[in-house]
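A short worksheet on the structure shown next.
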Amino acid sequence: MGTAFFITGTDTGVGKTLVSAILGLALQNKRKSVGYFKPVETGVEGDEPEDAGFCKAILGLKEDAKNLCSYTFKLPASPHLSAEVEGKEIKVEKILEDFKRFKEKYEYLLVEGAGGLLVPLRRDFLIRDLIKLLNIPVILVARAGLGTINHTLLSVEAIRNYGLELAGIVFNQATQPLTIIEKDNIKTLAELTGAKVLGVIPKLKSISKETLLKICEKLSI
Ligand SMILES: Nc1ncnc2c1ncn2[C@@H]1O[C@H](COP(=O)(O)OP(=O)(O)O)[C@@H](O)[C@H]1O
Ligand SMILES: [Mg+2]
């Protein structure tokens, strides 16, 4: 049985997919086998889900991108709604089965959520409920810039008040060098949460395996 982490974020678009790929590269550099699993991906128009396709390409995964997801839906919305408009229902059991299969296959499995912690997969079941069932530590991706103190503290509360384990925070889209605000955000959040800062990722001009390989050396995982 491998080790798994749940990659969530303070919001949609904060960089969960990018950070999943970077974390995966960091683990591959340590000669670990790494898998990626995206239980639900929405906004999938064609055959290839974008997040799963990106991580497949960067990490060189053998599975078809589609098979890295339990569910894909067209509407780029919260999973509960994207499923509903297609007349479908997300079954938690199916996600748990797929998770178990991937976890057995790899030494490390990175599970990427959708949106943030309180996003519904069904009207009665949030991402946070899924993490609780999977029973794996959470890595929180947060922005480095203005506004992140409130979003990050709310997310850390949502994790801890629900009895989930916070493995650490990755700050993304940081200016290089860090601005006075970003520097203080990271320091203040480390102090207030006591959480481990796993890394600070700069705003990248180009995103390629080469640039991500350089960044991944700076992560502590
Ligand atoms: N550090 C970064 N530098 C440059 N672009 C970034 C960075 N992090 C994320 N992005 C871009 O921002 C968008 C959202 O990132 P993504 O990882 O898909 O977020 P999420 O998975 O949380 O929705 C993508 O287009 C991604 O390439
Ligand atoms: Mg994503």
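FYI, nothing fancy with the structure tokens labels: chains A, B, ... in order, residues from 1 per chain, ligands from 1 as they appear.
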Can you list, as an mmCIF file with all heavy atoms, in the first residue's frame, every protein, DNA or RNA residue that comes within 12 Å of Arg31 in chain A when you count only C-alpha atoms, leaving out same-chain residues fewer than 6 positions away?
data_model
loop_
_atom_site.group_PDB
_atom_site.id
_atom_site.type_symbol
_atom_site.label_atom_id
_atom_site.label_comp_id
_atom_site.auth_asym_id
_atom_site.auth_seq_id
_atom_site.Cartn_x
_atom_site.Cartn_y
_atom_site.Cartn_z
ATOM 1 N N GLY A 24 4.951 15.586 -7.722
ATOM 2 C CA GLY A 24 5.205 14.285 -8.358
ATOM 3 C C GLY A 24 6.635 14.189 -8.866
ATOM 4 O O GLY A 24 7.311 13.174 -8.659
ATOM 5 N N LEU A 25 7.119 15.266 -9.491
ATOM 6 C CA LEU A 25 8.508 15.270 -9.994
ATOM 7 C C LEU A 25 9.493 15.167 -8.834
ATOM 8 O O LEU A 25 10.501 14.467 -8.928
ATOM 9 C CB LEU A 25 8.770 16.550 -10.795
ATOM 10 C CG LEU A 25 8.116 16.638 -12.175
ATOM 11 C CD1 LEU A 25 8.387 18.014 -12.803
ATOM 12 C CD2 LEU A 25 8.603 15.533 -13.105
ATOM 13 N N TYR A 106 1.018 2.410 -6.821
ATOM 14 C CA TYR A 106 2.149 3.350 -6.736
ATOM 15 C C TYR A 106 2.641 3.499 -5.295
ATOM 16 O O TYR A 106 1.873 3.319 -4.353
ATOM 17 C CB TYR A 106 1.709 4.734 -7.234
ATOM 18 C CG TYR A 106 1.370 4.771 -8.701
ATOM 19 C CD1 TYR A 106 0.048 4.696 -9.134
ATOM 20 C CD2 TYR A 106 2.383 4.867 -9.654
ATOM 21 C CE1 TYR A 106 -0.262 4.727 -10.487
ATOM 22 C CE2 TYR A 106 2.078 4.903 -11.008
ATOM 23 C CZ TYR A 106 0.758 4.831 -11.422
ATOM 24 O OH TYR A 106 0.457 4.862 -12.759
ATOM 25 N N GLU A 107 3.923 3.893 -5.174
ATOM 26 C CA GLU A 107 4.446 4.185 -3.826
ATOM 27 C C GLU A 107 3.824 5.457 -3.275
ATOM 28 O O GLU A 107 3.569 5.578 -2.086
ATOM 29 C CB GLU A 107 5.970 4.334 -3.884
ATOM 30 C CG GLU A 107 6.691 3.016 -4.086
ATOM 31 C CD GLU A 107 8.164 3.211 -4.334
ATOM 32 O OE1 GLU A 107 8.531 3.654 -5.449
ATOM 33 O OE2 GLU A 107 8.965 2.915 -3.420
ATOM 34 N N TYR A 108 3.607 6.437 -4.170
ATOM 35 C CA TYR A 108 2.965 7.695 -3.764
ATOM 36 C C TYR A 108 1.826 8.010 -4.733
ATOM 37 O O TYR A 108 2.004 7.906 -5.953
ATOM 38 C CB TYR A 108 3.955 8.866 -3.783
ATOM 39 C CG TYR A 108 4.862 8.855 -2.588
ATOM 40 C CD1 TYR A 108 6.043 8.118 -2.598
ATOM 41 C CD2 TYR A 108 4.526 9.547 -1.431
ATOM 42 C CE1 TYR A 108 6.867 8.074 -1.481
ATOM 43 C CE2 TYR A 108 5.340 9.520 -0.316
ATOM 44 C CZ TYR A 108 6.504 8.778 -0.347
ATOM 45 O OH TYR A 108 7.309 8.744 0.755
#
inquiry  = Taking only C-alpha atoms and all ligand atoms into account, list the residues no farther than 12 Å from ligand 2, as an MDAnalysis selection string.
reply    = chainID A and resid 7:9 11:21 36:44 49:55 69 76 111:116 141
Export of prior selection with N, CA, C and O atoms as a short mmCIF file (atom, residue, chain, number, x, y, z; two decimals), in the first residue's frame:
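Printed below is result_26.cif as written:
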data_model
loop_
_atom_site.label_atom_id
_atom_site.label_comp_id
_atom_site.auth_asym_id
_atom_site.auth_seq_id
_atom_site.Cartn_x
_atom_site.Cartn_y
_atom_site.Cartn_z
N ILE A 7 -4.42 16.84 -2.60
CA ILE A 7 -4.00 18.20 -2.95
C ILE A 7 -5.26 19.06 -3.09
O ILE A 7 -6.05 18.88 -4.03
N THR A 8 -5.43 19.98 -2.15
CA THR A 8 -6.56 20.89 -2.25
C THR A 8 -6.03 22.31 -2.34
O THR A 8 -4.82 22.54 -2.27
N GLY A 9 -6.95 23.27 -2.49
CA GLY A 9 -6.51 24.65 -2.62
C GLY A 9 -7.45 25.60 -1.91
O GLY A 9 -8.55 25.21 -1.51
N ASP A 11 -8.83 27.91 -3.35
CA ASP A 11 -9.80 28.35 -4.35
C ASP A 11 -9.54 27.57 -5.64
O ASP A 11 -8.54 26.85 -5.74
N THR A 12 -10.39 27.75 -6.59
CA THR A 12 -10.12 27.15 -7.90
C THR A 12 -9.08 28.02 -8.62
O THR A 12 -9.02 29.23 -8.39
N GLY A 13 -8.24 27.40 -9.40
CA GLY A 13 -7.24 28.14 -10.17
C GLY A 13 -6.03 28.61 -9.37
O GLY A 13 -5.22 29.38 -9.87
N VAL A 14 -5.87 28.10 -8.13
CA VAL A 14 -4.71 28.55 -7.33
C VAL A 14 -3.43 27.82 -7.73
O VAL A 14 -2.33 28.29 -7.41
N GLY A 15 -3.58 26.68 -8.38
CA GLY A 15 -2.38 25.96 -8.81
C GLY A 15 -2.30 24.52 -8.30
O GLY A 15 -1.20 23.96 -8.21
N LYS A 16 -3.44 23.91 -7.99
CA LYS A 16 -3.42 22.52 -7.49
C LYS A 16 -2.78 21.56 -8.51
O LYS A 16 -2.00 20.70 -8.14
N THR A 17 -3.14 21.75 -9.78
CA THR A 17 -2.63 20.83 -10.80
C THR A 17 -1.13 21.03 -10.98
O THR A 17 -0.36 20.05 -11.01
N LEU A 18 -0.72 22.29 -11.06
CA LEU A 18 0.70 22.58 -11.23
C LEU A 18 1.50 22.04 -10.04
O LEU A 18 2.54 21.40 -10.21
N VAL A 19 0.99 22.26 -8.84
CA VAL A 19 1.69 21.79 -7.64
C VAL A 19 1.70 20.26 -7.58
O VAL A 19 2.71 19.66 -7.19
N SER A 20 0.62 19.62 -8.01
CA SER A 20 0.60 18.15 -8.06
C SER A 20 1.74 17.65 -8.95
O SER A 20 2.46 16.71 -8.59
N ALA A 21 1.88 18.28 -10.11
CA ALA A 21 2.93 17.86 -11.05
C ALA A 21 4.32 18.08 -10.44
O ALA A 21 5.19 17.22 -10.53
N TYR A 36 -1.16 9.73 -10.14
CA TYR A 36 -2.01 10.92 -10.01
C TYR A 36 -3.45 10.47 -10.22
O TYR A 36 -3.74 9.68 -11.12
N PHE A 37 -4.32 10.97 -9.38
CA PHE A 37 -5.74 10.60 -9.46
C PHE A 37 -6.58 11.85 -9.26
O PHE A 37 -6.37 12.60 -8.30
N LYS A 38 -7.49 12.10 -10.20
CA LYS A 38 -8.39 13.25 -10.10
C LYS A 38 -9.80 12.67 -10.06
O LYS A 38 -10.37 12.31 -11.11
N PRO A 39 -10.38 12.53 -8.87
CA PRO A 39 -11.68 11.86 -8.78
C PRO A 39 -12.73 12.44 -9.72
O PRO A 39 -13.41 11.69 -10.42
N VAL A 40 -12.85 13.79 -9.74
CA VAL A 40 -13.83 14.40 -10.64
C VAL A 40 -13.20 15.59 -11.35
O VAL A 40 -12.70 16.51 -10.69
N GLU A 41 -13.22 15.56 -12.66
CA GLU A 41 -12.76 16.73 -13.42
C GLU A 41 -13.92 17.27 -14.24
O GLU A 41 -14.60 16.54 -14.95
N THR A 42 -14.15 18.58 -14.10
CA THR A 42 -15.23 19.21 -14.87
C THR A 42 -14.62 20.14 -15.91
O THR A 42 -13.42 20.43 -15.87
N GLY A 43 -15.45 20.57 -16.85
CA GLY A 43 -14.94 21.42 -17.93
C GLY A 43 -14.19 20.60 -18.96
O GLY A 43 -13.29 21.09 -19.64
N VAL A 44 -14.56 19.33 -19.10
CA VAL A 44 -13.88 18.43 -20.05
C VAL A 44 -14.71 18.38 -21.33
O VAL A 44 -15.79 17.78 -21.35
N PRO A 49 -9.20 15.01 -20.33
CA PRO A 49 -9.31 15.97 -19.23
C PRO A 49 -7.99 16.71 -19.06
O PRO A 49 -6.92 16.10 -19.07
N GLU A 50 -8.07 18.06 -18.91
CA GLU A 50 -6.87 18.90 -18.92
C GLU A 50 -5.91 18.62 -17.77
O GLU A 50 -4.71 18.45 -17.96
N ASP A 51 -6.46 18.59 -16.54
CA ASP A 51 -5.59 18.40 -15.36
C ASP A 51 -4.89 17.05 -15.42
O ASP A 51 -3.68 16.94 -15.25
N ALA A 52 -5.69 16.02 -15.68
CA ALA A 52 -5.13 14.66 -15.74
C ALA A 52 -4.14 14.56 -16.90
O ALA A 52 -3.09 13.93 -16.78
N GLY A 53 -4.46 15.21 -18.02
CA GLY A 53 -3.58 15.18 -19.19
C GLY A 53 -2.25 15.86 -18.89
O GLY A 53 -1.18 15.39 -19.29
N PHE A 54 -2.32 16.97 -18.16
CA PHE A 54 -1.10 17.72 -17.81
C PHE A 54 -0.20 16.86 -16.91
O PHE A 54 1.00 16.72 -17.17
N CYS A 55 -0.79 16.28 -15.87
CA CYS A 55 0.02 15.48 -14.94
C CYS A 55 0.53 14.21 -15.60
O CYS A 55 1.64 13.76 -15.34
N CYS A 69 -9.25 9.75 -13.97
CA CYS A 69 -10.42 10.38 -13.32
C CYS A 69 -11.51 9.31 -13.13
O CYS A 69 -11.70 8.46 -14.01
N PRO A 76 -17.97 23.47 -16.96
CA PRO A 76 -16.91 23.87 -16.04
C PRO A 76 -17.51 24.51 -14.78
O PRO A 76 -17.60 25.72 -14.67
N VAL A 111 -3.69 12.88 -5.06
CA VAL A 111 -5.12 12.98 -5.40
C VAL A 111 -5.48 14.46 -5.46
O VAL A 111 -5.35 15.17 -4.47
N GLU A 112 -5.89 14.91 -6.63
CA GLU A 112 -6.25 16.33 -6.77
C GLU A 112 -7.75 16.52 -6.63
O GLU A 112 -8.54 15.90 -7.34
N GLY A 113 -8.12 17.44 -5.75
CA GLY A 113 -9.54 17.75 -5.55
C GLY A 113 -10.10 18.60 -6.68
O GLY A 113 -9.47 18.75 -7.74
N ALA A 114 -11.27 19.14 -6.46
CA ALA A 114 -11.88 20.08 -7.41
C ALA A 114 -12.18 21.32 -6.58
O ALA A 114 -12.77 21.21 -5.50
N GLY A 115 -11.76 22.50 -7.06
CA GLY A 115 -11.98 23.71 -6.28
C GLY A 115 -11.34 23.60 -4.92
O GLY A 115 -10.23 23.11 -4.79
N GLY A 116 -12.07 24.04 -3.88
CA GLY A 116 -11.53 24.00 -2.52
C GLY A 116 -12.19 22.93 -1.67
O GLY A 116 -12.87 22.03 -2.17
N VAL A 141 -2.75 24.18 -1.27
CA VAL A 141 -2.10 25.13 -2.17
C VAL A 141 -2.77 26.49 -1.98
O VAL A 141 -4.00 26.59 -2.05
#
request  = Please identify all polymer residues within 9 Å of range 161-168 of chain A, counting only C-alpha atoms, omitting same-chain residues fewer than 2 positions from it, and present them as a list in words.
outcome  = Phe5, Arg128, Asp129, Ile131, Lys132, Asn135, Ile136, Pro137, Val138, Ile139, Leu140, Val141, Val156, Glu157, Ala158, Ile159, Val170, Ala195, Lys196, Val197, Leu198 and Gly199 of chain A
key: Minimum-distance residue to ligand 1, chosen among A:Gln173, A:Thr10, A:Thr211, A:Gln28 (using only C-alpha atoms and all ligand atoms)   =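 Smallest separation from ligand 1 among the options: A:Gln173.
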message = Taking 5 positions as the minimum chain separation for residues in the same chain, which residues sit within 12 Å of Gln176 in chain A when counting only C-alpha atoms? Answer as a PyMOL selection string.
response = chain A and resi 144-145+182-183+200-205
inquiry  = Show me, as a list of chain:residue names, the residues that have an atom within 8 Å of range 88-105 of chain A when counting only C-alpha atoms, minus same-chain residues fewer than 3 positions from it.
reply    =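 Near neighbours after the sequence-gap exclusion: A:Met1, A:Gly2, A:Thr3, A:Ala4, A:Gly35, A:Phe37, A:Pro39, A:Ser70, A:Tyr71, A:His80, A:Ala83, A:Glu84, A:Val85, A:Tyr108, A:Leu109, A:Leu121, A:Arg122, A:Leu130, A:Leu134.
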Residue selection dump (C-alpha atoms) as a PDB file, in the first residue's frame:
ATOM      1  CA  MET A   1       0.000   0.000   0.000  1.00  0.00           C
ATOM      2  CA  GLY A   2       1.445   3.360  -0.973  1.00  0.00           C
ATOM      3  CA  THR A   3       1.288   6.751   0.674  1.00  0.00           C
ATOM      4  CA  ALA A   4      -1.265   9.234  -0.603  1.00  0.00           C
ATOM      5  CA  GLY A  35       0.557   8.168  -9.517  1.00  0.00           C
ATOM      6  CA  PHE A  37      -5.741  10.599  -9.458  1.00  0.00           C
ATOM      7  CA  PRO A  39     -11.680  11.863  -8.775  1.00  0.00           C
ATOM      8  CA  SER A  70     -13.413   8.535 -11.861  1.00  0.00           C
ATOM      9  CA  TYR A  71     -15.751  11.054 -13.467  1.00  0.00           C
ATOM     10  CA  HIS A  80     -22.413  18.462  -8.119  1.00  0.00           C
ATOM     11  CA  ALA A  83     -23.059  15.978 -12.894  1.00  0.00           C
ATOM     12  CA  GLU A  84     -26.671  17.113 -12.442  1.00  0.00           C
ATOM     13  CA  VAL A  85     -26.920  18.867 -15.800  1.00  0.00           C
ATOM     14  CA  TYR A 108       2.965   7.695  -3.764  1.00  0.00           C
ATOM     15  CA  LEU A 109      -0.426   8.787  -5.000  1.00  0.00           C
ATOM     16  CA  LEU A 121     -19.443  16.466  -5.136  1.00  0.00           C
ATOM     17  CA  ARG A 122     -23.112  15.855  -4.404  1.00  0.00           C
ATOM     18  CA  LEU A 130     -14.241  12.610   0.587  1.00  0.00           C
ATOM     19  CA  LEU A 134      -9.902   8.494   2.021  1.00  0.00           C
TER      20      LEU A 134
END
Shell of 12 Å around Leu192 in chain A, only C-alpha atoms, local chain residues under 5 positions omitted, as a ChimeraX atom specification = /A:149-150,152-154,156-157,184-187
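Remark: for Thr179 in chain A, the closest of the candidate residues A:Gly194, A:Ser155, A:Gly46, A:Leu146 is A:Leu146 (distances computed over only C-alpha atoms).
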ask   = Using only C-alpha atoms, which residues sit within 9 Å of Leu212 in chain A once same-chain residues fewer than 2 positions away are excluded, as JSON, numbers by chain?
value = {"A": [18, 21, 22, 25, 58, 207, 208, 209, 210, 214, 215, 216, 217]}
Selected residues written out with C-alpha atoms, as a PDB file, in the first residue's frame:
ATOM      1  CA  LEU A  18       0.702  22.578 -11.228  1.00  0.00           C
ATOM      2  CA  ALA A  21       2.931  17.862 -11.048  1.00  0.00           C
ATOM      3  CA  ILE A  22       5.816  19.516  -9.176  1.00  0.00           C
ATOM      4  CA  LEU A  25       8.508  15.270  -9.994  1.00  0.00           C
ATOM      5  CA  ILE A  58       4.741  15.829 -16.916  1.00  0.00           C
ATOM      6  CA  ILE A 207       5.559  25.896 -17.917  1.00  0.00           C
ATOM      7  CA  SER A 208       7.493  22.883 -19.173  1.00  0.00           C
ATOM      8  CA  LYS A 209       8.938  19.738 -17.633  1.00  0.00           C
ATOM      9  CA  GLU A 210      12.349  21.458 -17.573  1.00  0.00           C
ATOM     10  CA  LYS A 214      14.150  23.052 -11.476  1.00  0.00           C
ATOM     11  CA  ILE A 215      11.378  24.202  -9.131  1.00  0.00           C
ATOM     12  CA  CYS A 216      10.769  20.778  -7.623  1.00  0.00           C
ATOM     13  CA  GLU A 217      14.252  20.714  -6.106  1.00  0.00           C
TER      14      GLU A 217
END
request  = Determine which residues of range 62-127 of chain A receive a DSSP assignment of strand (DSSP E), computed from the backbone, and state them as a list in words.
outcome  =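 Written out, the strand (DSSP E) residues of range 62-127 of chain A are Cys69, Ser70, Tyr71, Thr72, Phe73, Tyr108, Leu109, Leu110, Val111, Glu112, Pro120, Leu121, Arg122, Phe125 and Leu126 of chain A.
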request  = List every residue of range 3-206 of chain A that DSSP, applied to the backbone of this structure, places in alpha helix (DSSP H), and write the result as a PyMOL selection string.
outcome  = chain A and resi 16-29+50-59+79-85+92-105+127-134+148-160+180-193
message = Given only C-alpha atoms as the basis, pick out the residue of A:Ile169, A:Ala142, A:Ser78, A:Phe6 nearest to Leu118 in chain A.
response = A:Ser78
